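Peer 1: Quick one: this structure, given as structure tokens, is what I'll be asking you about.
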Amino acid sequence: MSGLKFSVVSVACLGLFGCEGTSGDTMKRAIQAPTAKVRPYELTKHGDVRVDNYYWIKERENSEVIDYLNAENDYTRAMTAHTEDLQKNLFAEIKGRIKQTDESLPYKKNGYFYYSRFEDGNQYRMHCRKKGSLTAAEEVMLDANKLAEGHSFFSVRGLQVSSNNSLLAYAVDTRGRRIYTLKIKNLETGEVLKDTIHDVTGNVAWANDNRTLFYSKQDPETLRSYQIYRHVLGTDPTNDYLVYEEKDDTFSSFVFKTKSDKFVMIASRHTLSNEYRFVAADNPTSEFRVIQPRERNLEYSVDHFQDKFYIRTNWQAKNFRLMATPVTATSKDHWTEVIAHRDEVLLSGFEIFKDYLVVSERKDGLMRLRVRSWSSGDEHYLVFPEPAYLAYTSNNYEFDTPVLRYTYSSMTTPNSVFDYNMVTHEKTLLKQDEVLGGFDAKDYETDRLYATARDGTKIPISIVFRAGTKRNGKNPLLLYGYGSYGASIDASFSSPRLSLIDRGFIYAIAHIRGGQELGRQWYEDGKLFNKKNTFTDFVDCGRFLVDQEYTSPDKMFAMGGSAGGLLMGAVVNLAPDLFHGVVTQVPFVDVITTMLDDSIPLTTSEYDEWGDPNRKADYEYILSYSPYDNVHAKNYPHILVTTGLHDSQVQYWEPAKWVAKLRAVKTDSNHLLLKTNMDAGHGGGSGRYKRYEETAFYYAFLLDHAGINH
């Protein structure tokens, strides 16, 4: 534990429950919540002494911890038993909107059409392809349902086909901790090769010789991806060659292949800087060369076309610009500008074609797609019809084509995949997710609102509701937020969400600072010593929606997960009377203790997101908002908290400790429920139906507390 000293102060009692007395959370039907054992520890840093009564809950192998989590699960089950029929109805409804037998839109790569599909009743995808034509015979490369048999959790990732189309690399996790086992399958014979590599991240890239594979491994304790190995088929994996090791523990590394298939790249990633290395995919045993040595505050990403690398970078460009450099001269003094920086537009990404360049941009919180001809320099934007939407380039593996494939959705338009002819400007809708059960987009309305934050900043809000909904302050409303890592939460479609909206809920997304919806500055204004803007923005959005009579405090709910769970924890401390109920999934709520512990995942790589609490000023600022450390004796809303025992990103003990402390000190009798998935990690249960069962559980909690029981 970096920088912390511990000493046992006292042990309050020997029993697991009832050590502190009831916190006012004695619920209906005389069911009493479990109370966690008090076992205080002193944590000292910078001369500050904090007592953590529940530090012991992090002892994952301690049977008392498991007993406590199971007791909380039993309590949650008892307290939600009256909603079981509602949960079942919601699940059936959500499942009923989805085509049970469905497949993704095929995309072409290296002579094959690739797609995945679900069969009725199956939890997992079947990964398939057809050679040369969509009318060709189907090849099932991988049936995840068969691989998942006998496992309560299953995840497959890293599917990569070799250049000669005959070998498939894939990685499986059966625990939920994101520690994978890499396997190779011969697609011609169906044989799974003996080349099994354990304890990897699932990130892989083939060389062009069809026998050399690069993969990444993580630190076994922190799970930081930091080593890149080279494996040759048929050799003992214990003798694999370590190509690169990232020794700076604030960086993580991964490997990928350029769109051109000419180079294998190793990327080293940090919050504020990047570094890339490359090797010719035709010569995988040669030495990797650095494109541009890392510099603090220099971010860049790379792809390849013809004799140049194309580089998106913030070098002398806060909102990024696009540069090009010869493959033979890659340092930034050789970079030349392709797309200039603009103060009002964030350059989010780019896609290269033989005759066209497509740039993804973000302006006024919305994504735009800009097409430029290489030969003439002429350019134009695709036009989208709604005030709030999501648009992005999708599977574009072919260089020599005039067709751009992109995906579009809004809060009223289901996910839609288009082919766009960059010569004729014609759009062709290839596939729109079919929503069963009589869905009609005309029954819903979406809009973009702007709340004024306390410092005068305008905060966008995307909102959707049933057509004809009246603004009278009587509508239940769910406000969602995230606001970290520069991640933008766009106005996209969700068919499960209809189960709330059709029952009278308004759904809103607060595009708060800490995301990147309004450019790079929007992110920087919500991180480090500006982090509290994220929380106050969300509160101010909530108050705006009340003032505009979309809802009222006794009808408003909030939801967020992971870093969005930090948001929820901070918000209920700041403005507990603004929300009637809160759902917080895998919440990052014990910020100061976690950021002081460099032995657990993500800590060191995130100092530039939250701050380094080994520095006194950072420590004091983080401590001032860390939800767990700012729980006080006052009334809180109804709160539902979820976590996973094997979560590698937000360890289960953060939400468990938070709930224990809330139980001990809060002064209300509102519901406080903790549900721990004992078989899963950060993403919750695996399989499409398990995910919808969890959604139905959340929605039943919201509807129950909104007084809606049907």
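Here's how to read the names in the structure tokens: chain A, B, ... by the order shown, residue numbers from 1 in each chain, ligand numbers from 1 in the order shown.
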Leaving out range 311-314 of chain A and any residue of its chain fewer than 2 positions from it, which residues lie within 7 Å of it when counting only C-alpha atoms, given as a list in words?

Peer 2: Leu298, Glu299, Tyr300, Ser301, Val302, Asp303, Phe309, Gln316, Ala317, Lys318, Asn319, Phe320, Arg321, Leu322, Met323 and Ala324 of chain A

Peer 1: Applying 6 Å and only C-alpha atoms, which residues near range 609-618 of chain A remain after dropping the ones on its own chain fewer than 3 positions away? List them as an mmCIF file with N, CA and C atoms, in the first residue's frame.

Peer 2:
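Result file part_14.cif:
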data_model
loop_
_atom_site.group_PDB
_atom_site.id
_atom_site.type_symbol
_atom_site.label_atom_id
_atom_site.label_comp_id
_atom_site.auth_asym_id
_atom_site.auth_seq_id
_atom_site.Cartn_x
_atom_site.Cartn_y
_atom_site.Cartn_z
ATOM 1 N N LYS A 527 -11.355 17.238 -14.892
ATOM 2 C CA LYS A 527 -10.383 16.271 -14.381
ATOM 3 C C LYS A 527 -9.459 16.962 -13.394
ATOM 4 N N LEU A 528 -8.646 16.159 -12.691
ATOM 5 C CA LEU A 528 -7.667 16.686 -11.733
ATOM 6 C C LEU A 528 -8.310 17.717 -10.807
ATOM 7 N N GLU A 606 -3.517 6.179 -13.776
ATOM 8 C CA GLU A 606 -4.580 7.187 -13.732
ATOM 9 C C GLU A 606 -4.243 8.395 -12.859
ATOM 10 N N TYR A 621 -7.338 17.368 -2.311
ATOM 11 C CA TYR A 621 -8.438 17.627 -3.242
ATOM 12 C C TYR A 621 -9.259 16.356 -3.460
#

Peer 1: Need the shell around Pro237 in chain A: protein/DNA/RNA residues with any atom at most 8 Å away, counting only C-alpha atoms. Skip same-chain ones fewer than 3 positions apart. Format as a VMD selection string?

Peer 2: chain A and resid 195 to 197 231 240

Peer 1: Can you pull out every residue within 12 Å of range 362-365 of chain A, counting only C-alpha atoms, but drop anything in the same chain fewer than 2 positions away, and send it as an MDAnalysis selection string?

Peer 2: chainID A and resid 319:320 342:349 359:360 367:370 387:392 448:450 458:462 487:491 510:513 515:520 522

Peer 1: Would you kindly return, as an mmCIF file with C-alpha atoms, in the first residue's frame, each protein, DNA or RNA residue with an atom no farther than 7 Å from any atom of Tyr636 in chain A, considering only C-alpha atoms and excluding same-chain residues fewer than 4 positions away?

Peer 2:
data_model
loop_
_atom_site.group_PDB
_atom_site.id
_atom_site.type_symbol
_atom_site.label_atom_id
_atom_site.label_comp_id
_atom_site.auth_asym_id
_atom_site.auth_seq_id
_atom_site.Cartn_x
_atom_site.Cartn_y
_atom_site.Cartn_z
ATOM 1 C CA VAL A 572 -25.762 12.052 -3.228
ATOM 2 C CA PRO A 576 -29.111 14.200 -1.465
ATOM 3 C CA LYS A 666 -27.353 7.788 7.372
ATOM 4 C CA ASP A 668 -33.209 8.123 6.831
#

Peer 1: Just want the 8 Å neighbourhood of range 160-170 of chain A, counted on only C-alpha atoms, with same-chain residues fewer than 6 positions away dropped. Output as a PDB file with C-alpha atoms, in the first residue's frame.

Peer 2:
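Result file is part26.pdb:
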ATOM      1  CA  ASN A 110      -9.377 -10.151 -47.471  1.00  0.00           C
ATOM      2  CA  MET A 141     -15.427 -20.110 -37.016  1.00  0.00           C
ATOM      3  CA  LEU A 182      -5.192 -17.463 -25.847  1.00  0.00           C
ATOM      4  CA  LYS A 183      -5.927 -20.271 -28.289  1.00  0.00           C
ATOM      5  CA  ILE A 184      -5.383 -20.858 -32.021  1.00  0.00           C
ATOM      6  CA  LYS A 185      -7.858 -22.686 -34.254  1.00  0.00           C
ATOM      7  CA  ASN A 186      -7.160 -24.086 -37.714  1.00  0.00           C
ATOM      8  CA  LEU A 187     -10.201 -22.920 -39.680  1.00  0.00           C
ATOM      9  CA  GLU A 188      -9.620 -25.465 -42.446  1.00  0.00           C
ATOM     10  CA  GLY A 202      -6.607 -11.086 -25.195  1.00  0.00           C
ATOM     11  CA  VAL A 204      -3.249 -10.080 -30.419  1.00  0.00           C
ATOM     12  CA  ALA A 205      -1.875  -9.308 -33.904  1.00  0.00           C
ATOM     13  CA  TRP A 206      -0.681 -11.665 -36.656  1.00  0.00           C
ATOM     14  CA  ALA A 207       2.448 -11.155 -38.703  1.00  0.00           C
ATOM     15  CA  ASN A 208       2.136 -11.797 -42.424  1.00  0.00           C
ATOM     16  CA  ASP A 209       3.989 -15.129 -42.328  1.00  0.00           C
ATOM     17  CA  ASN A 210       0.883 -16.764 -40.784  1.00  0.00           C
TER      18      ASN A 210
END

Peer 1: So that I can check the surroundings of Val232 in chain A, please list as a PDB file with N, CA and C atoms, in the first residue's frame every protein, DNA and RNA residue that reaches within 7 Å of it, counting only C-alpha atoms and ignoring chain neighbours fewer than 5 positions away.

Peer 2:
ATOM      1  N   ARG A 211       2.464 -17.509 -39.137  1.00  0.00           N
ATOM      2  CA  ARG A 211       2.945 -18.405 -38.078  1.00  0.00           C
ATOM      3  C   ARG A 211       3.470 -17.640 -36.866  1.00  0.00           C
ATOM      4  N   THR A 212       3.584 -16.328 -37.017  1.00  0.00           N
ATOM      5  CA  THR A 212       4.069 -15.499 -35.914  1.00  0.00           C
ATOM      6  C   THR A 212       2.925 -14.647 -35.379  1.00  0.00           C
ATOM      7  N   LEU A 213       2.788 -14.657 -34.068  1.00  0.00           N
ATOM      8  CA  LEU A 213       1.691 -13.960 -33.404  1.00  0.00           C
ATOM      9  C   LEU A 213       2.254 -13.111 -32.276  1.00  0.00           C
TER      10      LEU A 213
END

Peer 1: Between A:Tyr55, A:Phe254, A:Tyr226, A:Tyr276, single out the one closest to Ser331 in chain A, counting only C-alpha atoms.

Peer 2: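 Among A:Tyr55, A:Phe254, A:Tyr226, A:Tyr276, it is A:Tyr276 that comes nearest to Ser331 in chain A.
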
Peer 1: Residues of range 145-204 of chain A classed as helix (DSSP H, G or I) by DSSP on the backbone are to be reported as a ChimeraX atom specification.

Peer 2: /A:145-148

Peer 1: Work out how far apart CA of Val290 in chain A and CA of Asp608 in chain A are and give it in Å to one decimal.

Peer 2: 23.5 Å

Peer 1: Between CA of Thr413 in chain A and CA of Gly96 in chain A, what is the distance, to one decimal in Å?

Peer 2: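 Going from CA of Thr413 in chain A over to CA of Gly96 in chain A, I get 18.1 Å.
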
Peer 1: When distances are computed from only C-alpha atoms, which of A:Leu574, A:Ser286, A:Arg177, A:Phe588 shows the smallest separation from Glu221 in chain A?

Peer 2: A:Arg177
